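Engineer: Supplied in structure tokens, the structure appears directly below.
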Amino acid sequence: MGISWLMALLPGRRFLPALLGLALLLAWLPPAVGAAGEAKQPLVYFGHGGQGTVSGSLHVLEHGPDLYLIDVGTFFGGAGANYPWPEDIAVDAIRAVFITHAHADHLGRLPLLLHEGYRGPIYMTRVTYEIAEVTMPANLGFADFGPERFYYSRHNAGRSRIPVYLEGYDFAAQTVRPENRVYFTASRSRLSADGYYLARPQRQKLAQELRRRLARQVVIVDPGKPVPVEQGRLQATFLPTPHIPGSAMVRLLVDDHSLLFSGDVGAGSSPLLPANPRLKNGVDFLFLEGTMAYARRDGDLGRQRSRFGRNIGKLATAGKRVVIPAFVLDRSQQVMFELGRAIDEGYLPADQVIRVCSPTANQLLELYDDFAGRLRRELTAANHEKPSLSPFFTPKMAGAEFLPPGYIGECAGEAPDNPLGLEPGEIGIMASGMADFSAARRALLDYLEDPDTVFYFVGYQAPDSLGGRLTAGEEPPAVLKIGDERRRVRATVKHTGAFGSHADPAATERIFAATEPGKIFLVHLEQKRGKQLAERYRRQLGSEVVVPRPGRRYPLTED
Ligand SMILES: [Zn+2]
């Protein structure tokens, strides 16, 4: 409703303020949802990530002129482009953003969205927020913001790795004097490949800015409690699922439609996270992840996890050097939890040296340790008025050990042939999970020819990754090509699926059967696996199943 028709009806100047006030009030009121005569807005779904691929989750719900985003993730590898921001998602039309969990493929493009000018609310659970506060700033140096202007000091020219600063930041003349600055244009995500890195003060400044924005825009939601969004036009409920700490599905009610975005559905294998719910409320539209498209063949994950601790115990006490490539978020901490259990059960000595080679993994270990301490206090306190962590963890979390006595939060050796400093008998938890980057890749270069080293892979290994090439067959290959270098494989290679974090199809059916979804959009899976899984859910859940394509619009309501 505009104000112009009011002007035409003006009975006299003295009524103007009152009428204007009324008009403003009416403009603020939400439309009467479902009231007779009130036209409901058409509802459309489209997405720019997670359609026919397992990364980059970005789902858009269009309600008339308003847009709601569910997850804003980054693509991995060649799965899609993280820049520019998709053209058909007008940033000023976005009314709210919902984040299911803290994995980068679900929130990694949030800094870009903020950069593009989004100032509205970002809904997430408390635990997701606390994890994001650690991981998001850490990823800023690699995030894709398109071409930006950088400068470095001409005194650093020719060095193998050159610290750079972003144009527009004043780091005082003494850091790099204006007359010494050499400017160039590049994409932030390319810096490292080109021999540059963001200087520490620059990284700190960016991190500080991002944290300030998050603090202003993030709205913490309690699990299970419906929250009104956009003056009640929409209602959102976060439903925890045991994928990683804080992870939740998001249920939205809009007009009289119910939509459920599953995010990543937990496998339920972590002893630290509560079991999956069996959802009861009916769902019109289910946006369901299909990462784990086949039945889990590895059976009882719980038993496998205990076996993992025992195996590592045997190897380390026999003097083997044990390298565990692991994802920085959650996997490294889960591994540490199992090593802590192995210490408790006597499979490892209390002072077993465990090095963790990743600054972010170390910060997250401290955060998990803090979660454990806070949960302990919460469970033992006389008043349970504000149970902020209990809904996210089992009581086991309260007794978990993430910083055992032999823990060392860095990897650096004196000897030139052992830069990571991992000695025989020591355990190293190393980024990255498939050994393509960082310390784990370094470890392959340094230790793969050493028969007294064991590489213990603890998660899914993409076929073309270094980990994938080592673990694909019954036996590892005789030689591994690592970039331009080659190594003979003399070390032992092991692989466990014990830390699987996605529900398989049978578990998924148990969780969602009672919601009797009218229509399922199968997302977060490879297109070629879609057909078979769609057929299965059509049969088992009796729903219409669609595998959506990126960018394509799917009307959810009749015109
Ligand atoms: Zn995830």
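By convention in this document, the chains of the structure tokens carry letters A, B, ... by their order, each chain's residues are numbered from 1, and ligands are numbered from 1 in the order they are shown.
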For ligand 1, collect every residue having any atom at a distance of at most 9 Å from a ligand atom (counting only C-alpha atoms and all ligand atoms); output as a list in words.
Structural biologist: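 I would give the residues around ligand 1 as Thr100, His101, Ala102, His103, Ala104, Asp105, His106, His243, Ile244, Ser247, Gly263, Asp264, Val265, Gly266, Ser501 and His502 of chain A.
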Engineer: Select from range 83-142 of chain A every residue with an atom at most 6 Å from any atom of range 68-79 of chain A, then for each give the shortest pair of atoms and their distance in Å to one decimal, using only C-alpha atoms, rows by chain and rising number, as JSON lines.
Structural biologist:
{"residue": "A:Ile94", "atom": "CA", "partner": "A:Tyr68", "partner_atom": "CA", "distance": 5.7}
{"residue": "A:Arg95", "atom": "CA", "partner": "A:Tyr68", "partner_atom": "CA", "distance": 5.8}
{"residue": "A:Ala96", "atom": "CA", "partner": "A:Tyr68", "partner_atom": "CA", "distance": 5.2}
{"residue": "A:Val97", "atom": "CA", "partner": "A:Leu69", "partner_atom": "CA", "distance": 4.7}
{"residue": "A:Phe98", "atom": "CA", "partner": "A:Ile70", "partner_atom": "CA", "distance": 4.8}
{"residue": "A:Ile99", "atom": "CA", "partner": "A:Asp71", "partner_atom": "CA", "distance": 4.7}
{"residue": "A:Ala104", "atom": "CA", "partner": "A:Gly73", "partner_atom": "CA", "distance": 5.8}
{"residue": "A:Asp105", "atom": "CA", "partner": "A:Gly73", "partner_atom": "CA", "distance": 4.0}
{"residue": "A:His106", "atom": "CA", "partner": "A:Gly73", "partner_atom": "CA", "distance": 3.7}
{"residue": "A:Leu107", "atom": "CA", "partner": "A:Gly73", "partner_atom": "CA", "distance": 4.2}
{"residue": "A:Gly108", "atom": "CA", "partner": "A:Gly73", "partner_atom": "CA", "distance": 4.5}
{"residue": "A:Arg109", "atom": "CA", "partner": "A:Gly73", "partner_atom": "CA", "distance": 5.1}
{"residue": "A:Leu110", "atom": "CA", "partner": "A:Val72", "partner_atom": "CA", "distance": 5.8}
Engineer: With N, CA and C atoms retained, could you export that selection as a PDB file, in the first residue's frame?
Structural biologist:
ATOM      1  N   ILE A  94      16.754 -10.428  -0.056  1.00  0.00           N
ATOM      2  CA  ILE A  94      16.912 -11.502   0.935  1.00  0.00           C
ATOM      3  C   ILE A  94      16.415 -11.003   2.295  1.00  0.00           C
ATOM      4  N   ARG A  95      15.457 -11.721   2.862  1.00  0.00           N
ATOM      5  CA  ARG A  95      14.887 -11.319   4.155  1.00  0.00           C
ATOM      6  C   ARG A  95      15.530 -12.059   5.320  1.00  0.00           C
ATOM      7  N   ALA A  96      16.015 -13.271   5.080  1.00  0.00           N
ATOM      8  CA  ALA A  96      16.647 -14.028   6.163  1.00  0.00           C
ATOM      9  C   ALA A  96      17.506 -15.136   5.574  1.00  0.00           C
ATOM     10  N   VAL A  97      18.518 -15.524   6.345  1.00  0.00           N
ATOM     11  CA  VAL A  97      19.392 -16.630   5.950  1.00  0.00           C
ATOM     12  C   VAL A  97      19.376 -17.648   7.085  1.00  0.00           C
ATOM     13  N   PHE A  98      19.241 -18.919   6.752  1.00  0.00           N
ATOM     14  CA  PHE A  98      19.264 -19.987   7.746  1.00  0.00           C
ATOM     15  C   PHE A  98      20.459 -20.887   7.470  1.00  0.00           C
ATOM     16  N   ILE A  99      21.259 -21.157   8.491  1.00  0.00           N
ATOM     17  CA  ILE A  99      22.446 -22.003   8.322  1.00  0.00           C
ATOM     18  C   ILE A  99      22.234 -23.297   9.100  1.00  0.00           C
ATOM     19  N   ALA A 104      32.021 -25.891   5.789  1.00  0.00           N
ATOM     20  CA  ALA A 104      32.221 -24.830   4.793  1.00  0.00           C
ATOM     21  C   ALA A 104      31.285 -24.994   3.591  1.00  0.00           C
ATOM     22  N   ASP A 105      30.931 -26.233   3.235  1.00  0.00           N
ATOM     23  CA  ASP A 105      30.044 -26.382   2.081  1.00  0.00           C
ATOM     24  C   ASP A 105      28.595 -26.026   2.427  1.00  0.00           C
ATOM     25  N   HIS A 106      28.385 -25.519   3.652  1.00  0.00           N
ATOM     26  CA  HIS A 106      27.057 -25.020   4.038  1.00  0.00           C
ATOM     27  C   HIS A 106      27.073 -23.555   4.472  1.00  0.00           C
ATOM     28  N   LEU A 107      28.252 -23.018   4.826  1.00  0.00           N
ATOM     29  CA  LEU A 107      28.266 -21.580   5.143  1.00  0.00           C
ATOM     30  C   LEU A 107      29.452 -20.804   4.570  1.00  0.00           C
ATOM     31  N   GLY A 108      30.260 -21.463   3.733  1.00  0.00           N
ATOM     32  CA  GLY A 108      31.497 -20.834   3.272  1.00  0.00           C
ATOM     33  C   GLY A 108      31.336 -19.586   2.403  1.00  0.00           C
ATOM     34  N   ARG A 109      30.164 -19.415   1.758  1.00  0.00           N
ATOM     35  CA  ARG A 109      29.987 -18.219   0.928  1.00  0.00           C
ATOM     36  C   ARG A 109      29.320 -17.076   1.697  1.00  0.00           C
ATOM     37  N   LEU A 110      29.144 -17.273   3.020  1.00  0.00           N
ATOM     38  CA  LEU A 110      28.549 -16.216   3.840  1.00  0.00           C
ATOM     39  C   LEU A 110      29.396 -14.935   3.818  1.00  0.00           C
TER      40      LEU A 110
END
Engineer: Return the single residue from A:Ala472, A:Pro550, A:Leu480, A:Met397 that is closest to Leu58 in chain A, with distances computed using only C-alpha atoms.
Structural biologist: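 Checking each of A:Ala472, A:Pro550, A:Leu480, A:Met397 against Leu58 in chain A, counting only C-alpha atoms, the winner is A:Pro550.
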Engineer: Where does DSSP see alpha helix (DSSP H) in range 88-161 of chain A, if you list the residues as a list in words?
Structural biologist: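 Checking each residue of range 88-161 of chain A, the alpha helix (DSSP H) ones are Ala104, Asp105, His106, Leu107, Leu110, Pro111, Leu112, Leu113, Leu114, His115, Arg126, Val127, Thr128, Tyr129, Glu130, Ile131, Ala132, Glu133, Val134, Thr135, Met136, Pro137, Ala138 and Asn139 of chain A.
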Engineer: What residues in range 28-216 of chain A get the DSSP label strand (DSSP E or B)? Please answer as an NGL selection string.
Structural biologist: :A and (43-47 or 58-63 or 66-72 or 94-98 or 122-124 or 147-153 or 162-166 or 181-187 or 196-198)
Engineer: Residues near range 452-457 of chain A, anyone? I mean within 9 Å using only C-alpha atoms, not counting same-chain ones fewer than 4 positions away, as JSON, numbers by chain.
Structural biologist: {"A": [312, 315, 319, 320, 321, 322, 323, 324, 325, 326, 424, 433, 434, 435, 444, 447, 448, 461, 467, 471, 490, 491, 492, 493, 494, 495, 496, 497]}
Engineer: Report as a list in words all protein, DNA and RNA residues lying within 12 Å of Ala400 in chain A, evaluated on only C-alpha atoms, omitting residues in the same chain fewer than 6 positions from it.
Structural biologist: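 Selected residues are Pro271, Leu272, Leu273, Gln333, Gln334, Val335, Met336, Phe337, Glu338, Leu339, Gly340, Arg341, Ala342, Ile343, Asp344, Leu365, Tyr368, Asp369, Asp370, Phe371, Ala372, Gly373, Arg374, Leu375, Arg376, Phe393 and Thr394 of chain A.
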Engineer: Between CA of Ser192 in chain A and CA of Thr53 in chain A, what distance in Å does the model show, to one decimal?
Structural biologist: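 Separating CA of Ser192 in chain A from CA of Thr53 in chain A is a distance of 26.0 Å.
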Engineer: So that I can see what lies close to Leu210 in chain A, please list as a ChimeraX atom specification the residues with an atom at most 12 Å from it, counting only C-alpha atoms and leaving out residues fewer than 2 positions away in the same chain.
Structural biologist: /A:110-115,132-140,203-208,212-218
Engineer: In Å, how far is it from CA of Arg529 in chain A to CA of Ala293 in chain A?
Structural biologist: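 Between CA of Arg529 in chain A and CA of Ala293 in chain A the gap works out to 6.8 Å.
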Engineer: Rounded to one decimal in Å, what is the spacing between CA of Ala415 in chain A and CA of Arg442 in chain A?
Structural biologist: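 Value for the CA of Ala415 in chain A-CA of Arg442 in chain A distance: 14.4 Å.
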Engineer: Can you pull out every residue within 7 Å of Phe327 in chain A, counting only C-alpha atoms, but drop anything in the same chain fewer than 5 positions away, and send it as a list in words?
Structural biologist: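 After dropping sequence-adjacent residues, the list is Ser332, Ala431, Ser432 and Gly433 of chain A.
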